[in-house]
Structures are given as structure tokens and as C-alpha cells.
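Novice: I'm passing along entry-v4.csv; it holds CSV, N, CA and C atoms.
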chain,number,residue,atom,x,y,z
I,1,GLN,N,-38.2,-18.5,-47.7
I,1,GLN,CA,-37.9,-18.9,-46.3
I,1,GLN,C,-37.7,-20.4,-46.3
I,2,LEU,N,-36.5,-20.8,-45.8
I,2,LEU,CA,-36.2,-22.2,-45.8
I,2,LEU,C,-37.0,-22.9,-44.7
I,3,GLN,N,-37.6,-24.0,-45.0
I,3,GLN,CA,-38.2,-24.8,-44.0
I,3,GLN,C,-37.7,-26.2,-44.0
I,4,LEU,N,-37.4,-26.8,-42.8
I,4,LEU,CA,-36.9,-28.1,-42.7
I,4,LEU,C,-37.9,-29.0,-41.9
I,5,VAL,N,-38.0,-30.2,-42.4
I,5,VAL,CA,-38.9,-31.2,-41.8
I,5,VAL,C,-38.2,-32.5,-41.7
I,6,GLU,N,-38.1,-33.0,-40.4
I,6,GLU,CA,-37.5,-34.3,-40.1
I,6,GLU,C,-38.6,-35.4,-40.2
I,7,SER,N,-38.2,-36.6,-40.6
I,7,SER,CA,-39.0,-37.7,-40.6
I,7,SER,C,-38.2,-39.0,-40.4
I,8,GLY,N,-38.8,-40.1,-40.1
I,8,GLY,CA,-38.2,-41.3,-40.0
I,8,GLY,C,-37.9,-41.8,-38.6
I,9,GLY,N,-38.3,-41.0,-37.6
I,9,GLY,CA,-38.1,-41.4,-36.2
I,9,GLY,C,-39.1,-42.5,-35.8
I,10,GLY,N,-38.9,-43.0,-34.6
I,10,GLY,CA,-39.8,-44.0,-34.1
I,10,GLY,C,-39.2,-44.8,-33.0
I,11,LEU,N,-39.8,-46.0,-32.8
I,11,LEU,CA,-39.3,-46.9,-31.7
I,11,LEU,C,-38.5,-48.0,-32.4
I,12,VAL,N,-37.3,-48.3,-31.8
I,12,VAL,CA,-36.5,-49.3,-32.4
I,12,VAL,C,-35.8,-50.0,-31.2
I,13,GLN,N,-35.6,-51.3,-31.4
I,13,GLN,CA,-34.9,-52.1,-30.3
I,13,GLN,C,-33.4,-51.8,-30.3
I,14,PRO,N,-32.8,-52.0,-29.2
I,14,PRO,CA,-31.4,-51.9,-29.1
I,14,PRO,C,-30.7,-52.7,-30.1
I,15,GLY,N,-29.7,-52.1,-30.8
I,15,GLY,CA,-29.0,-52.8,-31.8
I,15,GLY,C,-29.6,-52.6,-33.2
I,16,GLY,N,-30.7,-52.0,-33.2
I,16,GLY,CA,-31.4,-51.8,-34.5
I,16,GLY,C,-30.9,-50.5,-35.2
I,17,SER,N,-31.6,-50.2,-36.3
I,17,SER,CA,-31.2,-49.1,-37.2
I,17,SER,C,-32.4,-48.2,-37.5
I,18,LEU,N,-32.1,-47.0,-37.8
I,18,LEU,CA,-33.2,-46.0,-38.3
I,18,LEU,C,-32.5,-45.1,-39.3
I,19,ARG,N,-33.3,-44.6,-40.2
I,19,ARG,CA,-32.8,-43.6,-41.1
I,19,ARG,C,-33.7,-42.3,-40.9
I,20,LEU,N,-33.1,-41.2,-40.5
I,20,LEU,CA,-33.8,-40.0,-40.4
I,20,LEU,C,-33.6,-39.2,-41.7
I,21,SER,N,-34.6,-38.5,-42.1
I,21,SER,CA,-34.6,-37.6,-43.3
I,21,SER,C,-34.8,-36.2,-42.9
I,22,CYS,N,-34.2,-35.3,-43.5
I,22,CYS,CA,-34.4,-33.8,-43.3
I,22,CYS,C,-34.7,-33.2,-44.7
I,23,ALA,N,-36.0,-33.0,-44.9
I,23,ALA,CA,-36.4,-32.5,-46.2
I,23,ALA,C,-36.6,-31.0,-46.1
I,24,ALA,N,-36.0,-30.3,-47.1
I,24,ALA,CA,-36.1,-28.8,-47.2
I,24,ALA,C,-37.1,-28.4,-48.2
I,25,SER,N,-37.7,-27.3,-47.9
I,25,SER,CA,-38.6,-26.6,-48.9
I,25,SER,C,-38.5,-25.1,-48.7
I,26,GLY,N,-38.9,-24.4,-49.8
I,26,GLY,CA,-38.8,-22.9,-49.7
I,26,GLY,C,-37.5,-22.4,-50.2
I,27,SER,N,-36.5,-23.2,-50.2
I,27,SER,CA,-35.2,-22.8,-50.7
I,27,SER,C,-34.3,-24.0,-50.9
I,28,THR,N,-33.2,-23.8,-51.7
I,28,THR,CA,-32.3,-24.9,-51.9
I,28,THR,C,-31.4,-25.1,-50.7
I,29,LEU,N,-30.9,-26.3,-50.5
I,29,LEU,CA,-29.9,-26.6,-49.5
I,29,LEU,C,-28.5,-26.6,-50.1
I,30,ASP,N,-28.4,-26.3,-51.4
I,30,ASP,CA,-27.1,-26.4,-52.1
I,30,ASP,C,-26.0,-25.5,-51.4
I,31,TYR,N,-26.4,-24.5,-50.7
I,31,TYR,CA,-25.4,-23.5,-50.2
I,31,TYR,C,-25.4,-23.6,-48.7
I,32,SER,N,-25.8,-24.7,-48.1
I,32,SER,CA,-25.9,-24.8,-46.7
I,32,SER,C,-25.2,-26.0,-46.1
I,33,ALA,N,-24.5,-25.8,-45.1
I,33,ALA,CA,-24.0,-27.0,-44.3
I,33,ALA,C,-25.2,-27.4,-43.4
I,34,ILE,N,-25.4,-28.7,-43.2
I,34,ILE,CA,-26.5,-29.2,-42.4
I,34,ILE,C,-26.0,-29.9,-41.2
I,35,GLY,N,-26.6,-29.7,-40.1
I,35,GLY,CA,-26.2,-30.4,-38.9
I,35,GLY,C,-27.4,-31.2,-38.4
I,36,TRP,N,-27.0,-32.3,-37.7
I,36,TRP,CA,-28.0,-33.0,-36.9
I,36,TRP,C,-27.7,-32.9,-35.4
I,37,PHE,N,-28.7,-32.6,-34.7
I,37,PHE,CA,-28.6,-32.4,-33.2
I,37,PHE,C,-29.6,-33.4,-32.5
I,38,ARG,N,-29.4,-33.6,-31.3
I,38,ARG,CA,-30.3,-34.4,-30.5
I,38,ARG,C,-30.4,-33.8,-29.1
I,39,GLN,N,-31.6,-34.0,-28.5
I,39,GLN,CA,-31.8,-33.5,-27.2
I,39,GLN,C,-32.6,-34.6,-26.4
I,40,ALA,N,-32.0,-35.1,-25.4
I,40,ALA,CA,-32.7,-36.0,-24.5
I,40,ALA,C,-33.3,-35.3,-23.3
I,41,PRO,N,-34.3,-35.9,-22.7
I,41,PRO,CA,-35.0,-35.2,-21.6
I,41,PRO,C,-34.0,-34.8,-20.5
I,42,GLY,N,-34.1,-33.5,-20.1
I,42,GLY,CA,-33.3,-33.0,-19.1
I,42,GLY,C,-31.8,-32.7,-19.5
I,43,LYS,N,-31.5,-32.8,-20.8
I,43,LYS,CA,-30.2,-32.6,-21.2
I,43,LYS,C,-30.1,-31.5,-22.3
I,44,GLU,N,-29.0,-30.9,-22.5
I,44,GLU,CA,-28.8,-29.9,-23.5
I,44,GLU,C,-28.8,-30.5,-24.9
I,45,ARG,N,-29.1,-29.7,-25.8
I,45,ARG,CA,-29.1,-30.1,-27.2
I,45,ARG,C,-27.6,-30.3,-27.6
I,46,GLU,N,-27.3,-31.4,-28.2
I,46,GLU,CA,-25.9,-31.7,-28.6
I,46,GLU,C,-25.8,-32.0,-30.1
I,47,GLY,N,-24.7,-31.5,-30.6
I,47,GLY,CA,-24.4,-31.8,-32.0
I,47,GLY,C,-24.0,-33.2,-32.2
I,48,VAL,N,-24.6,-33.8,-33.2
I,48,VAL,CA,-24.4,-35.2,-33.6
I,48,VAL,C,-23.5,-35.3,-34.8
I,49,SER,N,-23.8,-34.5,-35.8
I,49,SER,CA,-23.1,-34.6,-37.1
I,49,SER,C,-23.3,-33.4,-37.9
I,50,CYS,N,-22.3,-33.2,-38.8
I,50,CYS,CA,-22.4,-32.1,-39.7
I,50,CYS,C,-22.0,-32.5,-41.1
I,51,ILE,N,-22.6,-31.9,-42.2
I,51,ILE,CA,-22.1,-32.2,-43.5
I,51,ILE,C,-22.0,-30.9,-44.3
I,52,SER,N,-21.0,-30.8,-45.1
I,52,SER,CA,-20.8,-29.5,-45.8
I,52,SER,C,-21.7,-29.5,-47.0
I,53,SER,N,-21.8,-28.3,-47.6
I,53,SER,CA,-22.8,-28.1,-48.7
I,53,SER,C,-22.7,-29.1,-49.8
I,54,SER,N,-21.4,-29.4,-50.2
I,54,SER,CA,-21.2,-30.4,-51.3
I,54,SER,C,-21.3,-31.8,-50.8
I,55,GLY,N,-21.3,-32.0,-49.5
I,55,GLY,CA,-21.3,-33.4,-49.0
I,55,GLY,C,-19.9,-34.0,-48.9
I,56,GLY,N,-18.9,-33.2,-49.3
I,56,GLY,CA,-17.6,-33.7,-49.3
I,56,GLY,C,-16.9,-33.8,-47.9
I,57,ARG,N,-17.4,-33.1,-47.0
I,57,ARG,CA,-16.9,-33.2,-45.6
I,57,ARG,C,-17.9,-33.5,-44.6
I,58,THR,N,-17.6,-34.3,-43.6
I,58,THR,CA,-18.5,-34.6,-42.6
I,58,THR,C,-17.8,-34.6,-41.3
I,59,ASN,N,-18.6,-34.5,-40.2
I,59,ASN,CA,-18.0,-34.6,-38.9
I,59,ASN,C,-19.0,-35.3,-38.0
I,60,TYR,N,-18.5,-36.0,-37.0
I,60,TYR,CA,-19.4,-36.8,-36.1
I,60,TYR,C,-18.9,-36.6,-34.6
I,61,ALA,N,-19.9,-36.6,-33.8
I,61,ALA,CA,-19.6,-36.6,-32.3
I,61,ALA,C,-19.0,-37.9,-32.0
I,62,ASP,N,-18.1,-37.9,-31.0
I,62,ASP,CA,-17.4,-39.2,-30.6
I,62,ASP,C,-18.4,-40.3,-30.2
I,63,SER,N,-19.5,-39.9,-29.7
I,63,SER,CA,-20.5,-40.8,-29.2
I,63,SER,C,-21.2,-41.6,-30.3
I,64,VAL,N,-21.2,-41.1,-31.5
I,64,VAL,CA,-21.9,-41.7,-32.6
I,64,VAL,C,-20.9,-42.2,-33.8
I,65,LYS,N,-19.7,-41.8,-33.6
I,65,LYS,CA,-18.7,-42.1,-34.7
I,65,LYS,C,-18.6,-43.6,-34.9
I,66,GLY,N,-18.6,-44.0,-36.1
I,66,GLY,CA,-18.6,-45.4,-36.5
I,66,GLY,C,-20.0,-46.1,-36.5
I,67,ARG,N,-21.0,-45.4,-36.0
I,67,ARG,CA,-22.3,-46.0,-36.0
I,67,ARG,C,-23.3,-45.2,-36.8
I,68,PHE,N,-23.1,-43.9,-36.9
I,68,PHE,CA,-24.0,-43.0,-37.7
I,68,PHE,C,-23.3,-42.6,-39.0
I,69,ILE,N,-24.2,-42.4,-40.0
I,69,ILE,CA,-23.7,-41.8,-41.2
I,69,ILE,C,-24.6,-40.7,-41.7
I,70,ILE,N,-24.0,-39.6,-42.0
I,70,ILE,CA,-24.7,-38.5,-42.6
I,70,ILE,C,-24.4,-38.4,-44.1
I,71,ALA,N,-25.5,-38.1,-44.8
I,71,ALA,CA,-25.4,-38.0,-46.3
I,71,ALA,C,-26.4,-37.0,-46.8
I,72,ARG,N,-26.2,-36.5,-48.0
I,72,ARG,CA,-27.1,-35.6,-48.5
I,72,ARG,C,-27.4,-35.9,-50.0
I,73,ASP,N,-28.6,-35.5,-50.5
I,73,ASP,CA,-28.9,-35.6,-51.9
I,73,ASP,C,-29.4,-34.2,-52.3
I,74,ASN,N,-28.6,-33.4,-52.8
I,74,ASN,CA,-29.0,-32.1,-53.1
I,74,ASN,C,-30.0,-32.0,-54.2
I,75,ASP,N,-30.1,-33.0,-55.1
I,75,ASP,CA,-31.1,-33.1,-56.1
I,75,ASP,C,-32.5,-33.2,-55.4
I,76,LYS,N,-32.6,-33.9,-54.3
I,76,LYS,CA,-33.8,-34.1,-53.6
I,76,LYS,C,-34.0,-33.1,-52.5
I,77,ASN,N,-33.0,-32.2,-52.3
I,77,ASN,CA,-33.0,-31.2,-51.2
I,77,ASN,C,-33.2,-31.9,-49.9
I,78,THR,N,-32.5,-33.0,-49.6
I,78,THR,CA,-32.7,-33.8,-48.4
I,78,THR,C,-31.4,-34.2,-47.9
I,79,VAL,N,-31.3,-34.2,-46.6
I,79,VAL,CA,-30.2,-34.8,-45.8
I,79,VAL,C,-30.6,-35.9,-45.0
I,80,TYR,N,-29.8,-36.9,-44.9
I,80,TYR,CA,-30.1,-38.1,-44.1
I,80,TYR,C,-29.2,-38.4,-43.0
I,81,LEU,N,-29.7,-39.1,-42.0
I,81,LEU,CA,-28.8,-39.6,-40.9
I,81,LEU,C,-29.2,-41.0,-40.7
I,82,VAL,N,-28.3,-41.9,-41.1
I,82,VAL,CA,-28.4,-43.3,-40.9
I,82,VAL,C,-27.8,-43.7,-39.5
I,83,MET,N,-28.6,-44.3,-38.7
I,83,MET,CA,-28.2,-44.6,-37.3
I,83,MET,C,-28.2,-46.1,-37.1
I,84,ASN,N,-27.1,-46.7,-36.9
I,84,ASN,CA,-26.9,-48.1,-36.7
I,84,ASN,C,-26.5,-48.4,-35.2
I,85,SER,N,-26.7,-49.7,-34.9
I,85,SER,CA,-26.3,-50.1,-33.5
I,85,SER,C,-26.8,-49.2,-32.4
I,86,LEU,N,-28.0,-48.9,-32.5
I,86,LEU,CA,-28.6,-48.0,-31.6
I,86,LEU,C,-28.7,-48.5,-30.2
I,87,THR,N,-28.5,-47.7,-29.2
I,87,THR,CA,-28.6,-48.0,-27.8
I,87,THR,C,-29.6,-47.1,-27.1
I,88,ALA,N,-29.9,-47.4,-25.9
I,88,ALA,CA,-30.9,-46.5,-25.1
I,88,ALA,C,-30.3,-45.1,-25.0
I,89,GLU,N,-29.0,-45.0,-25.0
I,89,GLU,CA,-28.4,-43.6,-24.8
I,89,GLU,C,-28.7,-42.8,-26.1
I,90,ASP,N,-29.1,-43.4,-27.2
I,90,ASP,CA,-29.4,-42.6,-28.4
I,90,ASP,C,-30.8,-42.0,-28.4
I,91,THR,N,-31.6,-42.4,-27.4
I,91,THR,CA,-33.0,-41.9,-27.3
I,91,THR,C,-33.0,-40.4,-27.1
I,92,ALA,N,-33.7,-39.7,-28.0
I,92,ALA,CA,-33.7,-38.3,-27.9
I,92,ALA,C,-34.6,-37.8,-29.0
I,93,VAL,N,-34.9,-36.5,-29.0
I,93,VAL,CA,-35.5,-35.8,-30.2
I,93,VAL,C,-34.4,-35.4,-31.0
I,94,TYR,N,-34.4,-35.7,-32.3
I,94,TYR,CA,-33.4,-35.4,-33.3
I,94,TYR,C,-33.9,-34.2,-34.1
I,95,TYR,N,-33.0,-33.2,-34.3
I,95,TYR,CA,-33.3,-32.1,-35.1
I,95,TYR,C,-32.2,-31.9,-36.2
I,96,CYS,N,-32.7,-31.4,-37.3
I,96,CYS,CA,-31.7,-31.0,-38.4
I,96,CYS,C,-31.8,-29.5,-38.4
I,97,ALA,N,-30.6,-28.9,-38.9
I,97,ALA,CA,-30.5,-27.5,-38.9
I,97,ALA,C,-29.6,-27.1,-40.1
I,98,ALA,N,-29.9,-25.9,-40.6
I,98,ALA,CA,-29.1,-25.4,-41.7
I,98,ALA,C,-28.3,-24.2,-41.4
I,99,LEU,N,-27.1,-24.2,-41.8
I,99,LEU,CA,-26.1,-23.1,-41.7
I,99,LEU,C,-25.9,-22.6,-43.1
I,100,ILE,N,-26.3,-21.3,-43.4
I,100,ILE,CA,-26.3,-20.8,-44.8
I,100,ILE,C,-24.9,-20.3,-45.0
I,101,ASP,N,-24.0,-21.3,-45.4
I,101,ASP,CA,-22.6,-20.9,-45.8
I,101,ASP,C,-22.1,-22.1,-46.6
I,102,GLN,N,-22.0,-21.9,-47.9
I,102,GLN,CA,-21.6,-23.0,-48.8
I,102,GLN,C,-20.1,-23.4,-48.5
I,103,TYR,N,-19.4,-22.5,-47.8
I,103,TYR,CA,-17.9,-22.8,-47.6
I,103,TYR,C,-17.7,-23.4,-46.2
I,104,ALA,N,-18.8,-23.5,-45.4
I,104,ALA,CA,-18.6,-24.1,-44.1
I,104,ALA,C,-18.0,-25.5,-44.2
I,105,PRO,N,-16.9,-25.8,-43.7
I,105,PRO,CA,-16.2,-27.0,-43.9
I,105,PRO,C,-16.6,-28.2,-43.1
I,106,CYS,N,-17.3,-28.0,-42.0
I,106,CYS,CA,-17.7,-29.0,-41.1
I,106,CYS,C,-16.5,-29.8,-40.6
I,107,VAL,N,-15.5,-29.1,-40.3
I,107,VAL,CA,-14.3,-29.8,-39.6
I,107,VAL,C,-14.6,-30.0,-38.2
I,108,ARG,N,-15.7,-29.4,-37.7
I,108,ARG,CA,-16.2,-29.6,-36.3
I,108,ARG,C,-17.7,-29.6,-36.4
I,109,ASN,N,-18.3,-30.0,-35.3
I,109,ASN,CA,-19.8,-29.9,-35.2
I,109,ASN,C,-20.0,-28.4,-34.7
I,110,TYR,N,-20.7,-27.7,-35.5
I,110,TYR,CA,-21.0,-26.3,-35.2
I,110,TYR,C,-22.0,-26.2,-34.0
I,111,ASP,N,-21.9,-25.1,-33.3
I,111,ASP,CA,-22.8,-24.9,-32.1
I,111,ASP,C,-24.2,-24.6,-32.5
I,112,VAL,N,-25.1,-24.7,-31.6
I,112,VAL,CA,-26.5,-24.5,-31.8
I,112,VAL,C,-26.7,-23.1,-32.4
I,113,TYR,N,-26.1,-22.1,-31.8
I,113,TYR,CA,-26.3,-20.7,-32.2
I,113,TYR,C,-25.8,-20.4,-33.6
I,114,GLU,N,-25.0,-21.2,-34.2
I,114,GLU,CA,-24.5,-21.0,-35.5
I,114,GLU,C,-25.4,-21.4,-36.6
I,115,TYR,N,-26.4,-22.1,-36.3
I,115,TYR,CA,-27.4,-22.5,-37.3
I,115,TYR,C,-28.6,-21.5,-37.4
I,116,GLU,N,-29.1,-21.3,-38.6
I,116,GLU,CA,-30.1,-20.3,-38.8
I,116,GLU,C,-31.5,-20.9,-38.9
I,117,TYR,N,-31.6,-22.1,-39.4
I,117,TYR,CA,-33.0,-22.7,-39.6
I,117,TYR,C,-33.0,-24.1,-38.9
I,118,TRP,N,-34.1,-24.4,-38.4
I,118,TRP,CA,-34.3,-25.6,-37.6
I,118,TRP,C,-35.6,-26.3,-38.0
I,119,GLY,N,-35.5,-27.7,-38.0
I,119,GLY,CA,-36.7,-28.4,-38.1
I,119,GLY,C,-37.4,-28.6,-36.8
I,120,GLN,N,-38.6,-29.3,-36.8
I,120,GLN,CA,-39.4,-29.4,-35.6
I,120,GLN,C,-39.0,-30.5,-34.7
I,121,GLY,N,-38.2,-31.4,-35.2
I,121,GLY,CA,-37.7,-32.5,-34.5
I,121,GLY,C,-38.4,-33.8,-34.7
I,122,ALA,N,-37.7,-34.9,-34.5
I,122,ALA,CA,-38.3,-36.3,-34.7
I,122,ALA,C,-37.8,-37.1,-33.5
I,123,GLN,N,-38.8,-37.8,-32.9
I,123,GLN,CA,-38.5,-38.6,-31.7
I,123,GLN,C,-37.9,-39.9,-32.1
I,124,VAL,N,-36.8,-40.3,-31.5
I,124,VAL,CA,-36.2,-41.6,-31.6
I,124,VAL,C,-36.1,-42.2,-30.2
I,125,THR,N,-36.7,-43.4,-30.1
I,125,THR,CA,-36.8,-44.1,-28.9
I,125,THR,C,-36.2,-45.5,-29.1
I,126,VAL,N,-35.1,-45.8,-28.3
I,126,VAL,CA,-34.5,-47.1,-28.4
I,126,VAL,C,-34.8,-47.9,-27.1
I,127,SER,N,-35.6,-48.9,-27.3
I,127,SER,CA,-36.1,-49.6,-26.1
I,127,SER,C,-36.5,-51.0,-26.5
I,128,SER,N,-36.4,-52.0,-25.6
I,128,SER,CA,-36.8,-53.3,-25.9
I,128,SER,C,-38.2,-53.5,-25.3
Represent the structure of the file as C-alpha cells.

Specialist:
Amino acid sequence: QLQLVESGGGLVQPGGSLRLSCAASGSTLDYSAIGWFRQAPGKEREGVSCISSSGGRTNYADSVKGRFIIARDNDKNTVYLVMNSLTAEDTAVYYCAALIDQYAPCVRNYDVYEYEYWGQGAQVTVSS
């Protein structure tokens, strides 16, 4: 059974950076596309980014394009989300999720229902 655990969240000032990690256990991530989502209070969960199983393809929501970078290290069974130039609008609980399909190309951010495994979430708060 694949388990995902996010870490690296916290409080950061506007303009700052954070790196989130999504560590997997119980199974390999080699055959999974991984997505990052976020959910702010009172809002729906939204897709932030997606990375294909090989790491060769990525996709970003327009709201984070140019500021966030998704990457993966399959040897460490971990996916990262580097977040730069953070603003208050980035404040949310961030989740990683696995889509068990090694051919999923991540030409778009997949919907919530397309992912099979989820982490518990990591709080990111951007405030001065």
C-alpha cells in the first residue's frame, strides 16, 4: 500500500521560498505521475502541478507558473515542490497525490478524482 507524507511546510514571509517534499513508502513511485494540490480555507482543492513518472514532463497552474518548480528523485522515492516568490494567495494546505500510470504525460493538471493515493497535507502560511 503506497503511503505519501508531505513535509517542509511552515510560515514564510511574502517573497520568500519553501520546498515541500512528498516522500513515499510501501511502494515505488517509479510508475506514478505525481500531483501537488492545495486547498485554502473555504475554497476547493486545486491542482498546482503535475510531474510524469520519469520526470520528463511537468505541468503548472497559471497561478504558479514561473514561481514553482516540481521535481522528483525516484532513487529517493520523493517528489519536491519548490515554491518561490510566495504571496498571501499561496497560503493553503498542500497535498501530494499519486496517479498509478507510468504513461500519464502530465500535459495537464489531472483532476482530484484521477489520483488514487493522497498525503495528509502540509500547511503553508505566507504572512508578514

Novice: Using Å and a single decimal, report how far atom C of Thr125 (chain I) sits from CA of Ala40 (chain I).

Specialist: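 Going from CA of Ala40 (chain I) over to atom C of Thr125 (chain I) covers 11.1 Å.
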
Novice: Enter the distance from CA of Gln3 (chain I) to CA of Tyr117 (chain I), in Å, rounded to one decimal.

Specialist: 7.1 Å

Novice: Would you kindly identify which residues have an atom no farther than 6.5 Å from (-26.4, -23.2, -47.5), using all atoms listed in the file and the file's own coordinates, and write them out as a list in words?

Specialist: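 It turns out the residues near that spot are Thr28, Leu29, Asp30, Tyr31, Ser32, Ala33, Ser53, Ala98, Leu99, Ile100, Asp101 and Gln102 of chain I.
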
Novice: Write a file of the selected residues as a compact mmCIF listing (two decimals), keeping the file's coordinate frame, keeping N, CA and C atoms.

Specialist:
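Written out: out-v7.txt:
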# COMPACT_ATOMS: atom_id res chain seq x y z
N THR I 28 -33.20 -23.80 -51.70
CA THR I 28 -32.30 -24.90 -51.90
C THR I 28 -31.40 -25.10 -50.70
N LEU I 29 -30.90 -26.30 -50.50
CA LEU I 29 -29.90 -26.60 -49.50
C LEU I 29 -28.50 -26.60 -50.10
N ASP I 30 -28.40 -26.30 -51.40
CA ASP I 30 -27.10 -26.40 -52.10
C ASP I 30 -26.00 -25.50 -51.40
N TYR I 31 -26.40 -24.50 -50.70
CA TYR I 31 -25.40 -23.50 -50.20
C TYR I 31 -25.40 -23.60 -48.70
N SER I 32 -25.80 -24.70 -48.10
CA SER I 32 -25.90 -24.80 -46.70
C SER I 32 -25.20 -26.00 -46.10
N ALA I 33 -24.50 -25.80 -45.10
CA ALA I 33 -24.00 -27.00 -44.30
C ALA I 33 -25.20 -27.40 -43.40
N SER I 53 -21.80 -28.30 -47.60
CA SER I 53 -22.80 -28.10 -48.70
C SER I 53 -22.70 -29.10 -49.80
N ALA I 98 -29.90 -25.90 -40.60
CA ALA I 98 -29.10 -25.40 -41.70
C ALA I 98 -28.30 -24.20 -41.40
N LEU I 99 -27.10 -24.20 -41.80
CA LEU I 99 -26.10 -23.10 -41.70
C LEU I 99 -25.90 -22.60 -43.10
N ILE I 100 -26.30 -21.30 -43.40
CA ILE I 100 -26.30 -20.80 -44.80
C ILE I 100 -24.90 -20.30 -45.00
N ASP I 101 -24.00 -21.30 -45.40
CA ASP I 101 -22.60 -20.90 -45.80
C ASP I 101 -22.10 -22.10 -46.60
N GLN I 102 -22.00 -21.90 -47.90
CA GLN I 102 -21.60 -23.00 -48.80
C GLN I 102 -20.10 -23.40 -48.50

Novice: Which of these residues is nearest to Arg38 (chain I), using all atoms listed in the file: I:Arg67, I:Ala23, I:Asp90, I:Asn109?

Specialist: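 For Arg38 (chain I), the nearest of the candidates is I:Asp90.
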
Novice: Using only C-alpha atoms, collect all residues at a distance of at most 10 Å from (-33.4, -44.6, -38.4) as written in the file, then present them as a PDB file with N, CA and C atoms, in the coordinates of the input.

Specialist:
ATOM      1  N   SER I   7     -38.200 -36.600 -40.600  1.00  0.00           N
ATOM      2  CA  SER I   7     -39.000 -37.700 -40.600  1.00  0.00           C
ATOM      3  C   SER I   7     -38.200 -39.000 -40.400  1.00  0.00           C
ATOM      4  N   GLY I   8     -38.800 -40.100 -40.100  1.00  0.00           N
ATOM      5  CA  GLY I   8     -38.200 -41.300 -40.000  1.00  0.00           C
ATOM      6  C   GLY I   8     -37.900 -41.800 -38.600  1.00  0.00           C
ATOM      7  N   GLY I   9     -38.300 -41.000 -37.600  1.00  0.00           N
ATOM      8  CA  GLY I   9     -38.100 -41.400 -36.200  1.00  0.00           C
ATOM      9  C   GLY I   9     -39.100 -42.500 -35.800  1.00  0.00           C
ATOM     10  N   GLY I  10     -38.900 -43.000 -34.600  1.00  0.00           N
ATOM     11  CA  GLY I  10     -39.800 -44.000 -34.100  1.00  0.00           C
ATOM     12  C   GLY I  10     -39.200 -44.800 -33.000  1.00  0.00           C
ATOM     13  N   LEU I  11     -39.800 -46.000 -32.800  1.00  0.00           N
ATOM     14  CA  LEU I  11     -39.300 -46.900 -31.700  1.00  0.00           C
ATOM     15  C   LEU I  11     -38.500 -48.000 -32.400  1.00  0.00           C
ATOM     16  N   VAL I  12     -37.300 -48.300 -31.800  1.00  0.00           N
ATOM     17  CA  VAL I  12     -36.500 -49.300 -32.400  1.00  0.00           C
ATOM     18  C   VAL I  12     -35.800 -50.000 -31.200  1.00  0.00           C
ATOM     19  N   GLY I  16     -30.700 -52.000 -33.200  1.00  0.00           N
ATOM     20  CA  GLY I  16     -31.400 -51.800 -34.500  1.00  0.00           C
ATOM     21  C   GLY I  16     -30.900 -50.500 -35.200  1.00  0.00           C
ATOM     22  N   SER I  17     -31.600 -50.200 -36.300  1.00  0.00           N
ATOM     23  CA  SER I  17     -31.200 -49.100 -37.200  1.00  0.00           C
ATOM     24  C   SER I  17     -32.400 -48.200 -37.500  1.00  0.00           C
ATOM     25  N   LEU I  18     -32.100 -47.000 -37.800  1.00  0.00           N
ATOM     26  CA  LEU I  18     -33.200 -46.000 -38.300  1.00  0.00           C
ATOM     27  C   LEU I  18     -32.500 -45.100 -39.300  1.00  0.00           C
ATOM     28  N   ARG I  19     -33.300 -44.600 -40.200  1.00  0.00           N
ATOM     29  CA  ARG I  19     -32.800 -43.600 -41.100  1.00  0.00           C
ATOM     30  C   ARG I  19     -33.700 -42.300 -40.900  1.00  0.00           C
ATOM     31  N   LEU I  20     -33.100 -41.200 -40.500  1.00  0.00           N
ATOM     32  CA  LEU I  20     -33.800 -40.000 -40.400  1.00  0.00           C
ATOM     33  C   LEU I  20     -33.600 -39.200 -41.700  1.00  0.00           C
ATOM     34  N   SER I  21     -34.600 -38.500 -42.100  1.00  0.00           N
ATOM     35  CA  SER I  21     -34.600 -37.600 -43.300  1.00  0.00           C
ATOM     36  C   SER I  21     -34.800 -36.200 -42.900  1.00  0.00           C
ATOM     37  N   PHE I  68     -23.100 -43.900 -36.900  1.00  0.00           N
ATOM     38  CA  PHE I  68     -24.000 -43.000 -37.700  1.00  0.00           C
ATOM     39  C   PHE I  68     -23.300 -42.600 -39.000  1.00  0.00           C
ATOM     40  N   TYR I  80     -29.800 -36.900 -44.900  1.00  0.00           N
ATOM     41  CA  TYR I  80     -30.100 -38.100 -44.100  1.00  0.00           C
ATOM     42  C   TYR I  80     -29.200 -38.400 -43.000  1.00  0.00           C
ATOM     43  N   LEU I  81     -29.700 -39.100 -42.000  1.00  0.00           N
ATOM     44  CA  LEU I  81     -28.800 -39.600 -40.900  1.00  0.00           C
ATOM     45  C   LEU I  81     -29.200 -41.000 -40.700  1.00  0.00           C
ATOM     46  N   VAL I  82     -28.300 -41.900 -41.100  1.00  0.00           N
ATOM     47  CA  VAL I  82     -28.400 -43.300 -40.900  1.00  0.00           C
ATOM     48  C   VAL I  82     -27.800 -43.700 -39.500  1.00  0.00           C
ATOM     49  N   MET I  83     -28.600 -44.300 -38.700  1.00  0.00           N
ATOM     50  CA  MET I  83     -28.200 -44.600 -37.300  1.00  0.00           C
ATOM     51  C   MET I  83     -28.200 -46.100 -37.100  1.00  0.00           C
ATOM     52  N   ASN I  84     -27.100 -46.700 -36.900  1.00  0.00           N
ATOM     53  CA  ASN I  84     -26.900 -48.100 -36.700  1.00  0.00           C
ATOM     54  C   ASN I  84     -26.500 -48.400 -35.200  1.00  0.00           C
ATOM     55  N   LEU I  86     -28.000 -48.900 -32.500  1.00  0.00           N
ATOM     56  CA  LEU I  86     -28.600 -48.000 -31.600  1.00  0.00           C
ATOM     57  C   LEU I  86     -28.700 -48.500 -30.200  1.00  0.00           C
ATOM     58  N   VAL I 124     -36.800 -40.300 -31.500  1.00  0.00           N
ATOM     59  CA  VAL I 124     -36.200 -41.600 -31.600  1.00  0.00           C
ATOM     60  C   VAL I 124     -36.100 -42.200 -30.200  1.00  0.00           C
TER      61      VAL I 124
END

Novice: Between atom C of Gly66 (chain I) and atom N of Tyr103 (chain I), what is the spacing in Å?

Specialist: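 Those two atoms sit 26.2 Å apart.
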
Novice: Name the residues of chain I that fall into strand (DSSP E) according to DSSP on the backbone, using the chain letters and numbers of this document, as an MDAnalysis selection string.

Specialist: chainID I and resid 3:7 10:12 18:25 33:39 46:51 58:60 68:73 78:83 92:99 117:118 122:126

Novice: Nearest residue to Tyr95 (chain I) out of I:Leu2, I:Val79, I:Val126, I:Phe37, using only N, CA and C atoms?

Specialist: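 Ranked by minimum distance to Tyr95 (chain I), first place goes to I:Phe37.
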
Novice: Using only C-alpha atoms, which of the listed residues (I:Asn77, I:Thr58, I:Gln13, I:Ser49) sits closest to Thr91 (chain I)?

Specialist: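 Looking at the shortest contact to Thr91 (chain I), the residue is I:Gln13.
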
Novice: Determine the nearest neighbour of Trp36 (chain I) from the options I:Ala71, I:Ala24, I:Val64, I:Cys96, counting all atoms listed in the file.

Specialist: I:Cys96
